[in-house]
$ cat model38.csv   # CSV, C-alpha atoms
chain,number,residue,atom,x,y,z
B,1,MET,CA,31.1,-34.4,23.3
B,2,LYS,CA,29.3,-36.6,20.8
B,3,LYS,CA,31.3,-35.1,17.9
B,4,LEU,CA,34.5,-35.8,19.8
B,5,ILE,CA,33.6,-39.4,20.5
B,6,PHE,CA,32.7,-39.9,16.8
B,7,LEU,CA,36.0,-38.3,15.9
B,8,ALA,CA,37.7,-40.8,18.2
B,9,PHE,CA,36.2,-43.8,16.4
B,10,VAL,CA,37.2,-42.4,13.0
B,11,LEU,CA,40.7,-41.7,14.2
B,12,LEU,CA,40.8,-45.2,15.8
B,13,ASN,CA,40.2,-46.8,12.4
B,14,VAL,CA,42.9,-44.8,10.8
B,15,VAL,CA,45.5,-45.4,13.5
B,16,CYS,CA,44.7,-49.1,13.8
B,17,ALA,CA,45.0,-49.6,10.1
B,18,LYS,CA,48.6,-48.3,10.3
B,19,ALA,CA,49.4,-50.0,13.6
B,20,ASN,CA,52.1,-52.7,13.5
B,21,ASN,CA,51.3,-56.2,14.7
B,22,GLU,CA,52.8,-55.6,18.2
B,23,THR,CA,50.0,-53.1,19.2
B,24,SER,CA,46.5,-54.5,19.9
B,25,GLN,CA,43.4,-52.8,18.7
B,26,ALA,CA,42.1,-52.6,22.3
B,27,THR,CA,45.2,-50.8,23.4
B,28,MET,CA,45.0,-48.3,20.6
B,29,PHE,CA,41.3,-47.7,21.3
B,30,THR,CA,42.1,-47.0,25.0
B,31,GLU,CA,44.8,-44.5,24.2
B,32,VAL,CA,42.7,-42.6,21.6
B,33,PHE,CA,39.5,-42.6,23.6
B,34,SER,CA,41.3,-41.3,26.7
B,35,SER,CA,42.8,-38.5,24.7
B,36,CYS,CA,39.3,-37.7,23.4
B,37,VAL,CA,37.8,-37.5,26.9
B,38,LEU,CA,40.6,-35.3,28.1
B,39,SER,CA,40.0,-33.0,25.2
B,40,ALA,CA,36.3,-32.8,26.1
B,41,ASN,CA,37.1,-31.6,29.6
B,42,ALA,CA,39.9,-29.3,28.6
B,43,ASP,CA,37.6,-26.3,28.2
B,44,ILE,CA,36.5,-26.4,31.9
B,45,ASP,CA,37.7,-23.3,33.8
B,46,GLU,CA,40.6,-24.3,36.1
B,47,ALA,CA,39.5,-22.0,38.9
B,48,LEU,CA,35.9,-23.4,38.7
B,49,GLU,CA,37.2,-27.0,38.7
B,50,ALA,CA,39.4,-26.2,41.8
B,51,GLU,CA,36.4,-24.7,43.6
B,52,TYR,CA,34.3,-27.7,42.8
B,53,LYS,CA,36.9,-30.1,44.1
B,54,GLU,CA,37.3,-28.2,47.4
B,55,VAL,CA,33.5,-27.9,47.9
B,56,TYR,CA,32.9,-31.6,47.0
B,57,GLN,CA,35.7,-32.8,49.2
B,58,LYS,CA,34.4,-31.0,52.2
B,59,ALA,CA,30.9,-32.4,51.8
B,60,TYR,CA,32.3,-35.9,51.2
B,61,ASP,CA,34.4,-35.7,54.3
B,62,LEU,CA,31.5,-34.6,56.4
B,63,VAL,CA,29.4,-37.6,55.2
B,64,GLU,CA,32.2,-40.0,55.9
B,65,GLU,CA,32.9,-38.6,59.4
B,66,TRP,CA,29.3,-38.7,60.5
B,67,LYS,CA,27.7,-41.6,58.6
B,68,ASP,CA,28.1,-44.1,61.5
B,69,PHE,CA,27.1,-41.7,64.2
B,70,PRO,CA,24.0,-43.1,66.1
B,71,GLY,CA,20.8,-41.6,64.7
B,72,MET,CA,22.5,-39.4,62.1
B,73,ALA,CA,21.2,-41.5,59.2
B,74,ASP,CA,17.7,-40.4,60.1
B,75,ARG,CA,18.5,-36.7,60.1
B,76,LYS,CA,17.0,-34.9,57.1
B,77,ASP,CA,20.0,-32.6,56.6
B,78,PHE,CA,22.4,-35.5,56.7
B,79,LYS,CA,20.4,-37.5,54.3
B,80,ASN,CA,20.2,-34.6,51.9
B,81,LEU,CA,23.9,-34.0,52.0
B,82,LYS,CA,24.7,-37.7,51.4
B,83,THR,CA,22.3,-37.7,48.5
B,84,TYR,CA,23.9,-34.8,46.8
B,85,VAL,CA,27.4,-36.0,47.4
B,86,ALA,CA,26.4,-39.1,45.4
B,87,LEU,CA,24.6,-37.1,42.8
B,88,TYR,CA,27.5,-34.7,42.2
B,89,ALA,CA,30.3,-37.2,42.4
B,90,PRO,CA,33.3,-36.2,40.1
B,91,GLU,CA,32.5,-38.9,37.5
B,92,LYS,CA,29.0,-37.3,37.1
B,93,VAL,CA,30.1,-33.7,36.8
B,94,THR,CA,31.4,-33.4,33.3
B,95,ASP,CA,30.8,-29.8,32.2
B,96,GLU,CA,30.8,-26.3,33.6
B,97,SER,CA,27.0,-26.1,33.9
B,98,LYS,CA,26.8,-29.2,36.1
B,99,MET,CA,29.9,-28.0,38.0
B,100,ASN,CA,28.3,-24.7,38.9
B,101,THR,CA,25.1,-26.4,40.0
B,102,ALA,CA,27.1,-28.9,42.1
B,103,ILE,CA,29.0,-26.1,43.8
B,104,THR,CA,25.9,-24.1,44.7
B,105,THR,CA,23.9,-27.2,45.9
B,106,LEU,CA,26.7,-28.8,47.9
B,107,LYS,CA,27.6,-25.5,49.6
B,108,THR,CA,23.9,-25.0,50.6
B,109,ARG,CA,23.6,-28.6,51.9
B,110,THR,CA,26.9,-28.4,53.7
B,111,GLU,CA,25.9,-25.2,55.4
B,112,LYS,CA,22.6,-26.7,56.5
B,113,PHE,CA,24.3,-29.8,57.9
B,114,GLU,CA,26.9,-27.8,59.7
B,115,ALA,CA,24.1,-25.7,61.3
B,116,LEU,CA,22.6,-29.0,62.5
B,117,LEU,CA,25.9,-29.9,64.1
B,118,ASP,CA,26.2,-26.5,65.7
B,119,SER,CA,22.8,-26.9,67.2
B,120,LEU,CA,23.6,-30.3,68.6
B,121,TYR,CA,27.2,-30.1,69.7
B,122,ASN,CA,28.9,-26.7,69.4
B,123,VAL,CA,26.6,-24.1,70.7
B,124,LYS,CA,27.6,-22.1,73.8
B,125,THR,CA,26.2,-23.6,77.0
B,126,SER,CA,23.4,-21.6,78.6
B,127,ILE,CA,23.9,-23.0,82.1
B,128,ILE,CA,27.0,-20.9,82.7
B,129,ASP,CA,26.4,-17.2,83.3
B,130,PRO,CA,29.8,-15.4,83.0
B,131,THR,CA,28.3,-12.2,84.6
B,132,ALA,CA,27.2,-14.1,87.8
B,133,GLY,CA,29.2,-14.2,91.0
B,134,VAL,CA,31.0,-17.2,92.4
B,135,ASP,CA,28.9,-20.3,92.1
B,136,PRO,CA,29.8,-22.9,94.7
B,137,ASN,CA,28.0,-25.6,92.6
B,138,PHE,CA,30.3,-25.0,89.6
B,139,HIS,CA,33.5,-27.1,90.0
B,140,ILE,CA,36.3,-26.0,87.7
B,141,TYR,CA,39.4,-28.1,86.9
B,142,LEU,CA,42.5,-26.6,85.3
B,143,CYS,CA,44.1,-29.3,83.3
B,144,PHE,CA,47.7,-28.9,82.2
B,145,GLY,CA,49.8,-31.5,80.7
B,146,GLN,CA,51.6,-33.1,77.8
B,147,SER,CA,50.5,-35.6,75.1
B,148,ASN,CA,48.2,-37.7,77.3
B,149,MET,CA,46.3,-34.6,78.4
B,150,GLN,CA,46.3,-33.3,74.8
B,151,GLY,CA,44.8,-36.6,73.7
B,152,SER,CA,45.9,-39.5,71.5
B,153,ALA,CA,42.9,-41.8,71.1
B,154,PRO,CA,40.8,-41.3,68.0
B,155,ILE,CA,37.4,-39.7,68.5
B,156,GLU,CA,34.7,-42.2,67.6
B,157,ALA,CA,31.0,-41.9,67.0
B,158,VAL,CA,30.2,-43.2,70.5
B,159,ASP,CA,32.3,-40.3,72.0
B,160,LYS,CA,30.0,-37.8,70.3
B,161,GLU,CA,26.9,-39.2,71.8
B,162,TYR,CA,24.9,-37.2,74.3
B,163,VAL,CA,26.9,-35.3,76.9
B,164,ASP,CA,25.2,-34.0,80.0
B,165,PRO,CA,25.1,-30.2,79.7
B,166,ARG,CA,26.3,-30.0,83.3
B,167,PHE,CA,29.7,-31.1,81.9
B,168,VAL,CA,31.3,-28.1,80.1
B,169,MET,CA,34.6,-27.0,78.7
B,170,MET,CA,36.1,-23.6,78.3
B,171,ALA,CA,37.9,-23.2,74.9
B,172,ALA,CA,41.5,-22.3,75.7
B,173,VAL,CA,42.1,-21.5,72.1
B,174,ASP,CA,39.9,-20.6,69.1
B,175,MET,CA,38.7,-23.8,67.3
B,176,THR,CA,37.5,-22.8,63.8
B,177,THR,CA,36.3,-26.2,62.8
B,178,SER,CA,34.0,-26.6,65.7
B,179,LYS,CA,33.3,-22.8,65.9
B,180,ARG,CA,34.5,-22.3,69.4
B,181,THR,CA,35.9,-19.1,70.6
B,182,ALA,CA,38.6,-18.9,73.3
B,183,GLY,CA,37.3,-17.9,76.7
B,184,ASN,CA,33.7,-19.2,76.2
B,185,TRP,CA,32.1,-22.2,77.8
B,186,TYR,CA,30.6,-25.0,75.7
B,187,THR,CA,29.0,-28.4,76.4
B,188,ALA,CA,32.0,-30.7,76.5
B,189,TYR,CA,31.9,-32.6,73.3
B,190,PRO,CA,35.3,-33.6,72.0
B,191,PRO,CA,37.8,-32.3,71.1
B,192,LEU,CA,38.5,-30.6,74.4
B,193,CYS,CA,42.1,-29.4,73.8
B,194,ARG,CA,42.5,-27.9,70.3
B,195,GLN,CA,40.6,-28.5,67.1
B,196,ASP,CA,43.2,-31.0,65.8
B,197,THR,CA,43.5,-33.0,68.9
B,198,TYR,CA,42.0,-36.3,70.0
B,199,LEU,CA,40.1,-37.9,72.9
B,200,THR,CA,41.5,-36.9,76.3
B,201,PRO,CA,41.3,-38.3,79.8
B,202,LEU,CA,39.0,-35.4,80.6
B,203,ASP,CA,36.2,-36.5,78.3
B,204,TYR,CA,35.1,-39.4,80.5
B,205,PHE,CA,36.4,-37.9,83.7
B,206,GLY,CA,33.8,-35.1,83.4
B,207,ARG,CA,31.1,-37.4,82.2
B,208,ASP,CA,31.6,-39.8,85.1
B,209,MET,CA,31.8,-36.9,87.6
B,210,VAL,CA,28.4,-35.4,86.7
B,211,ALA,CA,26.9,-38.8,86.5
B,212,ASN,CA,27.8,-39.4,90.2
B,213,LEU,CA,27.4,-35.9,91.6
B,214,PRO,CA,24.2,-34.2,92.8
B,215,GLU,CA,22.2,-32.7,90.0
B,216,GLU,CA,22.9,-29.1,91.1
B,217,ILE,CA,26.7,-29.6,90.6
B,218,LYS,CA,28.2,-28.6,87.3
B,219,VAL,CA,31.8,-29.6,86.2
B,220,GLY,CA,33.9,-27.5,84.0
B,221,VAL,CA,37.4,-28.2,82.5
B,222,ILE,CA,40.0,-26.0,80.9
B,223,ASN,CA,42.5,-28.0,78.9
B,224,VAL,CA,45.9,-26.5,78.2
B,225,ALA,CA,48.2,-29.2,77.0
B,226,VAL,CA,51.2,-29.4,74.7
B,227,GLY,CA,52.7,-32.8,73.8
B,228,GLY,CA,56.3,-33.1,74.8
B,229,ALA,CA,56.2,-30.1,77.1
B,230,SER,CA,58.3,-29.7,80.2
B,231,ILE,CA,56.6,-28.3,83.3
B,232,LYS,CA,58.7,-25.3,82.7
B,233,LEU,CA,56.4,-24.3,79.8
B,234,PHE,CA,53.8,-23.4,82.4
B,235,ASP,CA,56.2,-21.3,84.4
B,236,GLN,CA,55.5,-17.7,83.7
B,237,GLU,CA,59.2,-16.8,83.7
B,238,LEU,CA,60.3,-19.7,81.6
B,239,THR,CA,57.6,-20.0,78.9
B,240,ALA,CA,59.2,-17.9,76.3
B,241,SER,CA,62.6,-19.5,76.5
B,242,GLN,CA,61.0,-23.0,76.4
B,243,ILE,CA,59.3,-22.2,73.1
B,244,GLU,CA,62.3,-20.3,71.6
B,245,SER,CA,64.6,-23.3,72.0
B,246,ALA,CA,62.0,-25.9,70.8
B,247,GLN,CA,61.6,-27.7,67.5
B,248,ASP,CA,59.2,-26.4,64.9
B,249,TRP,CA,56.5,-29.0,65.6
B,250,PHE,CA,56.4,-27.9,69.2
B,251,LYS,CA,56.3,-24.3,68.3
B,252,ASN,CA,53.3,-25.0,66.0
B,253,TRP,CA,51.4,-26.5,68.9
B,254,CYS,CA,52.1,-23.5,71.1
B,255,LYS,CA,50.9,-20.9,68.4
B,256,PRO,CA,47.2,-21.4,69.2
B,257,TYR,CA,48.0,-20.2,72.7
B,258,ASP,CA,49.6,-17.1,71.3
B,259,ASN,CA,52.9,-18.6,72.3
B,260,ASP,CA,52.0,-18.3,76.0
B,261,PRO,CA,50.3,-21.4,77.3
B,262,TYR,CA,50.8,-20.1,80.9
B,263,LYS,CA,48.7,-17.1,80.2

$ encode --input "model38.csv" --output "structure tokens"
Amino acid sequence: MKKLIFLAFVLLNVVCAKANNETSQATMFTEVFSSCVLSANADIDEALEAEYKEVYQKAYDLVEEWKDFPGMADRKDFKNLKTYVALYAPEKVTDESKMNTAITTLKTRTEKFEALLDSLYNVKTSIIDPTAGVDPNFHIYLCFGQSNMQGSAPIEAVDKEYVDPRFVMMAAVDMTTSKRTAGNWYTAYPPLCRQDTYLTPLDYFGRDMVANLPEEIKVGVINVAVGGASIKLFDQELTASQIESAQDWFKNWCKPYDNDPYK
């Protein structure tokens, strides 16, 4: 790198000596120095660089998403991730050795932070026993709908604060981001519909219900909603025809339900 920079200064003198009066020395320096830096990074393996960018972006996005969440700044795993995101920012990772170290470290810190999130928000609830018989103290609401039920309000930090474990949701679809599996019950942290959806009316419906019901009562919601859907989508005999004749964006929303929201 030092040799390349030295070469740039030498080349700068030669070029500037021949430059006409319309080209400033500052402009010539910028052009030559930029070429020099690009040449210095040209030897970095493209696949390695692509992996670094992907790993760094994921870690960066997690920090941005959770930095304003109440109490998160004091969590060790969050502080570590934030520190290493700053330490291994793109402008500081200039060679393959640093890039390899950055990938390994950021992956490890990201996994630890995601484990923290799992322990706080995405673990299966233990208050629901799927093998037990009918529980008269477990009130379940089937929630069908369109865009309002699907959710449109952004999920903010306050919406991820403590949720009473008596308020639960059954994942109607797999949610890979929040590591929820269809058919299982989870404490009802948002999102409640699909992994790419927003805050729904159910979020605070359930919270208010358990806050005002006797302590032995649990509230469960199962959200199956597709924006723009007709009630016919939830008719067993009409579901297939409704999806078949729909636009692509609508079909994409139905895919997580295996193209059968009724089922």

$ closest_residue --input "model38.csv" --among "B:Gly133, B:Gly71, B:Ala47, B:Ser97" --to "Tyr162 (chain B)" --atoms "all atoms listed in the file"
B:Gly71

$ residues_around --input "model38.csv" --residues "Gly220 (chain B)" --least-positions-apart "2" --cutoff "9 Å" --atoms "all atoms listed in the file" --output "number ranges by chain"
B: 138-142, 166-170, 185, 188, 206, 218, 222

$ atom_distance --input "model38.csv" --atom1 "CA of Leu48 (chain B)" --atom2 "CA of Thr108 (chain B)"
17.0 Å

$ residues_around --input "model38.csv" --residues "Ile217 (chain B)" --least-positions-apart "2" --cutoff "7 Å" --atoms "all atoms listed in the file" --output "list in words"
Asn137, Phe138, Leu213, Pro214, Glu215 and Val219 of chain B

$ residues_around --input "model38.csv" --residues "region 245-256 of chain B" --least-positions-apart "2" --cutoff "12 Å" --atoms "only C-alpha atoms" --output "mmCIF file with C-alpha atoms, in the coordinates of the input"
data_model
loop_
_atom_site.group_PDB
_atom_site.id
_atom_site.type_symbol
_atom_site.label_atom_id
_atom_site.label_comp_id
_atom_site.auth_asym_id
_atom_site.auth_seq_id
_atom_site.Cartn_x
_atom_site.Cartn_y
_atom_site.Cartn_z
ATOM 1 C CA GLN B 146 51.600 -33.100 77.800
ATOM 2 C CA SER B 147 50.500 -35.600 75.100
ATOM 3 C CA GLN B 150 46.300 -33.300 74.800
ATOM 4 C CA ALA B 171 37.900 -23.200 74.900
ATOM 5 C CA ALA B 172 41.500 -22.300 75.700
ATOM 6 C CA VAL B 173 42.100 -21.500 72.100
ATOM 7 C CA ASP B 174 39.900 -20.600 69.100
ATOM 8 C CA MET B 175 38.700 -23.800 67.300
ATOM 9 C CA THR B 176 37.500 -22.800 63.800
ATOM 10 C CA THR B 181 35.900 -19.100 70.600
ATOM 11 C CA ALA B 182 38.600 -18.900 73.300
ATOM 12 C CA CYS B 193 42.100 -29.400 73.800
ATOM 13 C CA ARG B 194 42.500 -27.900 70.300
ATOM 14 C CA GLN B 195 40.600 -28.500 67.100
ATOM 15 C CA ASP B 196 43.200 -31.000 65.800
ATOM 16 C CA THR B 197 43.500 -33.000 68.900
ATOM 17 C CA VAL B 224 45.900 -26.500 78.200
ATOM 18 C CA ALA B 225 48.200 -29.200 77.000
ATOM 19 C CA VAL B 226 51.200 -29.400 74.700
ATOM 20 C CA GLY B 227 52.700 -32.800 73.800
ATOM 21 C CA GLY B 228 56.300 -33.100 74.800
ATOM 22 C CA ALA B 229 56.200 -30.100 77.100
ATOM 23 C CA SER B 230 58.300 -29.700 80.200
ATOM 24 C CA LEU B 233 56.400 -24.300 79.800
ATOM 25 C CA PHE B 234 53.800 -23.400 82.400
ATOM 26 C CA LEU B 238 60.300 -19.700 81.600
ATOM 27 C CA THR B 239 57.600 -20.000 78.900
ATOM 28 C CA ALA B 240 59.200 -17.900 76.300
ATOM 29 C CA SER B 241 62.600 -19.500 76.500
ATOM 30 C CA GLN B 242 61.000 -23.000 76.400
ATOM 31 C CA ILE B 243 59.300 -22.200 73.100
ATOM 32 C CA ASP B 258 49.600 -17.100 71.300
ATOM 33 C CA ASN B 259 52.900 -18.600 72.300
ATOM 34 C CA ASP B 260 52.000 -18.300 76.000
ATOM 35 C CA PRO B 261 50.300 -21.400 77.300
ATOM 36 C CA TYR B 262 50.800 -20.100 80.900
ATOM 37 C CA LYS B 263 48.700 -17.100 80.200
#

$ closest_residue --input "model38.csv" --among "B:Lys53, B:Asp118, B:Ile155, B:Glu237" --to "Thr187 (chain B)" --atoms "only C-alpha atoms"
B:Asp118

$ atom_distance --input "model38.csv" --atom1 "CA of Tyr88 (chain B)" --atom2 "CA of Lys179 (chain B)"
27.1 Å

$ closest_residue --input "model38.csv" --among "B:Tyr204, B:Phe144, B:Tyr56, B:Tyr198" --to "Thr104 (chain B)" --atoms "all atoms listed in the file"
B:Tyr56
